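Following: one structure in structure tokens, then a few remarks.
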There are 2 protein chains.
Amino acid sequence: MARTPLRSDLIEEITTRVLDGRFAAGARVNEVHLARELGVSRTPLREALIGLADRGLLVSAPGRGFLVPPFDPDEARRLYPLVAELEALALRWTSPLELAGLPDALDAVADEMAVALERGEDLSEVDERWHELLLSRCPNAHLLRLIGQTKPLLKRYESCYFGGAARAAESIGEHRRIAAALRDGDLPAASAVLVRNWVKALAYLGKDER
Amino acid sequence: MARTPLRSDLIEEITTRVLDGRFAAGARVNEVHLARELGVSRTPLREALIGLADRGLLVSAPGRGFLVPPFDPDEARRLYPLVAELEALALRWTSPLELAGLPDALDAVADEMAVALERGEDLSEVDERWHELLLSRCPNAHLLRLIGQTKPLLKRYESCYFGGAARAAESIGEHRRIAAALRDGDLPAASAVLVRNWVKALAYLGKDER
DNA sequence: TAGAGATCTTCTGTATGCAATACTGCCGCC
DNA sequence: GGCGGCAGTATTGCATACAGAAGATCTCTA
């Protein structure tokens with residue numbers, strides 16, 4: 001028996017496919033075909049689909065199976081502020097003790113982002129790491145779980161998150177300011193910049209809808 | 001084929017059992033026994049268990065099935081502020097237009113609470129209705145989904161939410177003040193009282209741990 | 001008598017099978 | 001020509017079956 005249930009791997013794989021568009025918005029998921037393609041039976045596959053539906057990355061249509069939710073600009077406009085507030089909350093609920101050493105680590109990742117930007121590489125992976133690190137000290141496991149569930153939904157809309165080098169540079173600057181505010185122990189300032197970081201991302205998103 | 005998937009009913013039933021303590025904290029869930037008892041097969045039962053684990057009402061131990069998470073005072077201390085902030089957020093994101101008529105409806109439910117209090121009845125059901133009504137106009141479906149997922153976790157700790165008639169009366173008063181603030185269009189005041197309402201509930205909870 | 005090991009049972013995780021519904025294409029009718 | 005009904009197929013939702021790991025029990029030894 002595998003240490004890790006099959007459904008976990010399947011959730012990951014299907015999430016990837018939904019995010020990169022291999023599962024088109026609005027399309028239905030055919031359980032038999034997908035199970036055969038992934039080399040598993042329908043049982044763990046259905047378990048994964050149900051998990052994804054609980055997180056909102058799929059929707060369950062009784063009698064018709066599961067389908068990828070269509071894109072909805074309104075949804076994006078609501079998801080960004082939601083993630084922003086949730087992350088800010090997680091930050092506010094991280095005690096100063098637990099924040100020790102974090103600003104330096106954050107700046108190190110921000111440096112990586114700058115390097116990646118110069119090289120013209122994709123920033124989203126590094127950006128993700130930065131945010132994960134930022135929240136890593138928050139003791140509220142349930143809040144972190146909610147954030148983890150919500151972010152993938154947002155990533156569907158994030159195709160052009162770093163709308164150009166200008167926005168990327170600006171975003172890196174915001175990251176550095178958050179770290180600086182944390183160093184000063186100014187949590188309100190840090191979370192304010194954090195929220196703005198997310199909201200600006202949304203603004204840029206609107207300019208280049210897929 | 002049923003219009004409503006079996007797993008939905010099962011989720012409801014199992015949630016109830018976890019909340020009322022019929023499934024003891026820390027206990028393992030035996031799929032075969034439970035399936036037989038509920039008159040279903042293991043397949044939809046497992047689907048329900050997975051859904052509940054995603055919401056945090058159960059935990060999945062690979063190779064050992066599902067178990068009811070043990071009680072943890074720290075968890076309660078984190079869940080109450082979390083729900084408080086989430087509800088406040090939902091309230092802030094409800095536009096004034098959509099709030100029209102809501103205060104009166106809220107006060108009507110608050111009246112019900114007062115009546116129930118005089119009769120010595122259980123207030124939690126009415127209280128739940130009041131909060132549901134408060135958030136019913138919020139357009140952010142994802143936020144509402146998160147709240148819906150989190151509240152049941154909190155209810156496990158809520159055995160003595162209305163710690164005595166004094167607290168109950170106080171809580172009803174807070175509800176009325178929230179409605180009044182909404183009538184005045186003072187959203188910040190409303191959400192501040194709302195948060196305090198939840199935090200006070202937590203304070204009372206601590207006095208009478210099960 | 002306590003502990004380690006082997007064996008046996010129980011239970012989970014996955015696969016397969018079955019019945020009923022939803023979809024598709026076709027034919028007849030308006 | 002378009003629309004409604006009907007037969008056939010495809011697909012879901014649930015039930016059952018099977019293999020292997022976790023847990024329990026028993027035995028043997030120190």
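So you can find residues: chains in the structure tokens are A, B, ... in the order shown, residues in each start at 1, and ligands are numbered from 1 in order.
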What residues in chain A get the DSSP label strand (DSSP E)? Please answer as a VMD selection string.
chain A and resid 28 to 29 59 to 61 65 to 67
Any chance you could list, as a ChimeraX atom specification, the residues in chain B that come up alpha helix (DSSP H) when DSSP is run on the backbone?
/B:6-19,31-38,42-55,73-92,96-99,102-118,124-135,141-155,164-183,187-207
Selection file, C-alpha atoms, as a short mmCIF file (atom, residue, chain, number, x, y, z; two decimals), in the first residue's frame:
data_model
loop_
_atom_site.label_atom_id
_atom_site.label_comp_id
_atom_site.auth_asym_id
_atom_site.auth_seq_id
_atom_site.Cartn_x
_atom_site.Cartn_y
_atom_site.Cartn_z
CA LEU B 6 -25.48 10.26 -1.29
CA ARG B 7 -22.26 11.82 -0.09
CA SER B 8 -24.01 15.11 0.62
CA ASP B 9 -26.44 13.49 3.02
CA LEU B 10 -23.63 11.51 4.56
CA ILE B 11 -21.54 14.62 5.11
CA GLU B 12 -24.45 16.19 6.90
CA GLU B 13 -25.08 13.15 9.07
CA ILE B 14 -21.45 12.63 9.98
CA THR B 15 -20.99 16.33 10.70
CA THR B 16 -23.87 16.14 13.12
CA ARG B 17 -22.36 13.16 14.86
CA VAL B 18 -18.99 14.80 15.21
CA LEU B 19 -20.54 17.99 16.55
CA GLU B 31 -15.77 2.49 7.38
CA VAL B 32 -17.37 -0.94 7.26
CA HIS B 33 -19.33 -0.54 10.47
CA LEU B 34 -20.42 2.99 9.70
CA ALA B 35 -21.44 2.10 6.17
CA ARG B 36 -23.55 -0.77 7.43
CA GLU B 37 -25.10 1.39 10.12
CA LEU B 38 -25.98 4.12 7.63
CA ARG B 42 -18.27 2.21 1.52
CA THR B 43 -17.83 4.16 -1.71
CA PRO B 44 -20.08 7.16 -1.06
CA LEU B 45 -19.18 6.99 2.61
CA ARG B 46 -15.50 7.37 1.81
CA GLU B 47 -16.34 10.24 -0.52
CA ALA B 48 -18.05 11.97 2.38
CA LEU B 49 -15.15 11.30 4.72
CA ILE B 50 -12.73 12.79 2.23
CA GLY B 51 -14.88 15.88 1.93
CA LEU B 52 -14.95 16.24 5.69
CA ALA B 53 -11.21 15.79 5.92
CA ASP B 54 -10.75 18.58 3.38
CA ARG B 55 -12.75 20.84 5.65
CA PRO B 73 -7.85 24.59 23.32
CA ASP B 74 -5.37 26.38 21.10
CA GLU B 75 -7.41 25.45 18.09
CA ALA B 76 -10.52 27.02 19.61
CA ARG B 77 -8.57 30.16 20.43
CA ARG B 78 -7.63 30.41 16.79
CA LEU B 79 -10.93 29.45 15.23
CA TYR B 80 -13.02 32.11 16.93
CA PRO B 81 -10.97 35.08 15.74
CA LEU B 82 -10.77 33.46 12.33
CA VAL B 83 -14.51 33.17 11.94
CA ALA B 84 -14.86 36.64 13.41
CA GLU B 85 -12.55 38.19 10.82
CA LEU B 86 -14.09 36.21 7.97
CA GLU B 87 -17.58 37.30 8.89
CA ALA B 88 -16.49 40.88 9.29
CA LEU B 89 -14.90 40.70 5.87
CA ALA B 90 -18.07 39.33 4.35
CA LEU B 91 -19.99 42.14 5.95
CA ARG B 92 -17.60 44.82 4.67
CA PRO B 96 -25.00 49.12 0.94
CA LEU B 97 -27.50 48.46 -1.82
CA GLU B 98 -27.61 44.82 -0.95
CA LEU B 99 -27.95 45.60 2.73
CA LEU B 102 -31.44 43.58 6.20
CA PRO B 103 -31.38 45.34 9.59
CA ASP B 104 -35.11 44.86 10.06
CA ALA B 105 -34.88 41.20 9.18
CA LEU B 106 -31.97 40.80 11.58
CA ASP B 107 -33.88 42.45 14.40
CA ALA B 108 -36.77 40.13 13.77
CA VAL B 109 -34.50 37.15 14.33
CA ALA B 110 -33.01 38.88 17.37
CA ASP B 111 -36.56 39.13 18.71
CA GLU B 112 -36.88 35.39 18.27
CA MET B 113 -33.71 34.96 20.24
CA ALA B 114 -35.09 37.08 23.07
CA VAL B 115 -38.25 34.98 23.15
CA ALA B 116 -36.26 31.77 23.14
CA LEU B 117 -34.13 33.13 25.97
CA GLU B 118 -37.19 33.88 28.11
CA SER B 124 -27.73 28.36 19.14
CA GLU B 125 -30.05 27.46 16.28
CA VAL B 126 -31.57 30.96 16.16
CA ASP B 127 -28.16 32.53 16.57
CA GLU B 128 -26.93 30.54 13.62
CA ARG B 129 -29.87 31.77 11.55
CA TRP B 130 -29.05 35.34 12.49
CA HIS B 131 -25.46 35.05 11.31
CA GLU B 132 -26.49 33.29 8.13
CA LEU B 133 -28.91 36.09 7.40
CA LEU B 134 -26.24 38.68 8.10
CA LEU B 135 -23.96 37.22 5.46
CA ALA B 141 -19.16 33.16 -2.95
CA HIS B 142 -15.69 31.92 -2.17
CA LEU B 143 -15.52 33.79 1.10
CA LEU B 144 -18.89 32.38 2.06
CA ARG B 145 -17.65 28.93 1.20
CA LEU B 146 -14.67 29.36 3.50
CA ILE B 147 -16.91 30.57 6.29
CA GLY B 148 -19.23 27.64 5.78
CA GLN B 149 -16.31 25.28 5.99
CA THR B 150 -14.87 26.83 9.10
CA LYS B 151 -17.93 27.33 11.27
CA PRO B 152 -18.60 23.64 11.85
CA LEU B 153 -15.10 23.28 13.27
CA LEU B 154 -15.89 26.01 15.70
CA LYS B 155 -19.20 24.48 16.68
CA GLY B 164 -25.61 31.42 30.89
CA ALA B 165 -28.50 33.81 30.47
CA ALA B 166 -26.32 36.84 31.18
CA ARG B 167 -24.08 36.18 28.24
CA ALA B 168 -27.09 35.37 26.09
CA ALA B 169 -28.70 38.69 26.83
CA GLU B 170 -25.44 40.46 26.16
CA SER B 171 -25.08 38.65 22.86
CA ILE B 172 -28.58 39.59 21.77
CA GLY B 173 -27.75 43.19 22.59
CA GLU B 174 -24.68 43.01 20.41
CA HIS B 175 -26.76 41.64 17.59
CA ARG B 176 -29.12 44.54 17.85
CA ARG B 177 -26.24 47.00 17.86
CA ILE B 178 -24.89 45.46 14.69
CA ALA B 179 -28.25 45.84 13.00
CA ALA B 180 -28.46 49.43 14.21
CA ALA B 181 -25.00 50.24 12.87
CA LEU B 182 -25.98 48.76 9.53
CA ARG B 183 -29.09 50.92 9.48
CA LEU B 187 -20.07 49.32 8.40
CA PRO B 188 -16.86 49.69 10.43
CA ALA B 189 -18.84 49.89 13.67
CA ALA B 190 -20.96 46.93 12.66
CA SER B 191 -18.00 44.73 11.89
CA ALA B 192 -16.20 45.84 15.05
CA VAL B 193 -19.13 44.75 17.20
CA LEU B 194 -19.36 41.56 15.19
CA VAL B 195 -15.76 40.69 15.91
CA ARG B 196 -16.23 41.49 19.58
CA ASN B 197 -19.30 39.27 19.64
CA TRP B 198 -17.22 36.31 18.51
CA VAL B 199 -14.28 37.06 20.72
CA LYS B 200 -16.48 37.36 23.78
CA ALA B 201 -18.01 34.02 22.93
CA LEU B 202 -14.53 32.56 23.02
CA ALA B 203 -13.89 34.18 26.40
CA TYR B 204 -17.00 32.57 27.85
CA LEU B 205 -16.12 29.28 26.27
CA GLY B 206 -12.90 29.11 28.19
CA LYS B 207 -14.76 29.32 31.47
#
Can you pull out every residue within 12 Å of DA30 in chain D, counting only C-alpha atoms (C1' of nucleotides), but drop anything in the same chain fewer than 3 positions away, and send it as an mmCIF file with C-alpha atoms (C1' of nucleotides), in the first residue's frame?
data_model
loop_
_atom_site.group_PDB
_atom_site.id
_atom_site.type_symbol
_atom_site.label_atom_id
_atom_site.label_comp_id
_atom_site.auth_asym_id
_atom_site.auth_seq_id
_atom_site.Cartn_x
_atom_site.Cartn_y
_atom_site.Cartn_z
ATOM 1 C "C1'" DT C 1 7.131 -12.734 33.901
ATOM 2 C "C1'" DA C 2 8.217 -9.415 30.428
ATOM 3 C "C1'" DG C 3 9.479 -8.765 25.799
ATOM 4 C "C1'" DA C 4 10.324 -9.962 20.957
#
Between C1' of DT14 in chain C and CA of Arg64 in chain A, what is the distance in Å, rounded to a tenth?
23.5 Å
Would you mind listing, as an mmCIF file with N, CA and C atoms, in the first residue's frame, all residues of chain A that have at least one atom within 10 Å of chain D, where only C-alpha atoms (C1' of nucleotides) are what counts?
data_model
loop_
_atom_site.group_PDB
_atom_site.id
_atom_site.type_symbol
_atom_site.label_atom_id
_atom_site.label_comp_id
_atom_site.auth_asym_id
_atom_site.auth_seq_id
_atom_site.Cartn_x
_atom_site.Cartn_y
_atom_site.Cartn_z
ATOM 1 N N MET A 1 0.852 -1.201 0.000
ATOM 2 C CA MET A 1 0.000 0.000 0.000
ATOM 3 C C MET A 1 0.886 1.249 0.000
ATOM 4 N N ALA A 2 0.553 2.183 -0.774
ATOM 5 C CA ALA A 2 1.413 3.363 -0.884
ATOM 6 C C ALA A 2 1.332 4.211 0.387
ATOM 7 N N ARG A 3 2.433 4.810 0.770
ATOM 8 C CA ARG A 3 2.436 5.696 1.928
ATOM 9 C C ARG A 3 1.509 6.882 1.691
ATOM 10 N N ASN A 30 -14.281 13.513 -18.042
ATOM 11 C CA ASN A 30 -14.738 12.147 -18.269
ATOM 12 C C ASN A 30 -13.921 11.198 -17.400
ATOM 13 N N GLU A 31 -14.593 10.583 -16.447
ATOM 14 C CA GLU A 31 -13.876 9.792 -15.445
ATOM 15 C C GLU A 31 -13.183 8.579 -16.063
ATOM 16 N N VAL A 32 -13.867 7.885 -16.961
ATOM 17 C CA VAL A 32 -13.289 6.667 -17.540
ATOM 18 C C VAL A 32 -12.049 7.004 -18.355
ATOM 19 N N PRO A 62 -24.570 17.203 -10.182
ATOM 20 C CA PRO A 62 -25.150 15.890 -9.864
ATOM 21 C C PRO A 62 -25.752 15.213 -11.086
ATOM 22 N N GLY A 63 -25.331 14.024 -11.305
ATOM 23 C CA GLY A 63 -25.801 13.274 -12.458
ATOM 24 C C GLY A 63 -24.994 13.525 -13.709
ATOM 25 N N ARG A 64 -24.160 14.566 -13.678
ATOM 26 C CA ARG A 64 -23.380 14.912 -14.862
ATOM 27 C C ARG A 64 -21.893 14.943 -14.565
ATOM 28 N N GLY A 65 -21.537 14.558 -13.365
ATOM 29 C CA GLY A 65 -20.118 14.478 -13.037
ATOM 30 C C GLY A 65 -19.521 15.804 -12.653
ATOM 31 N N PHE A 66 -18.268 15.984 -13.029
ATOM 32 C CA PHE A 66 -17.524 17.176 -12.639
ATOM 33 C C PHE A 66 -17.163 17.980 -13.881
#
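Relative to CA of Trp93 in chain B, CA of Asp186 in chain B is found at 13.0 Å.
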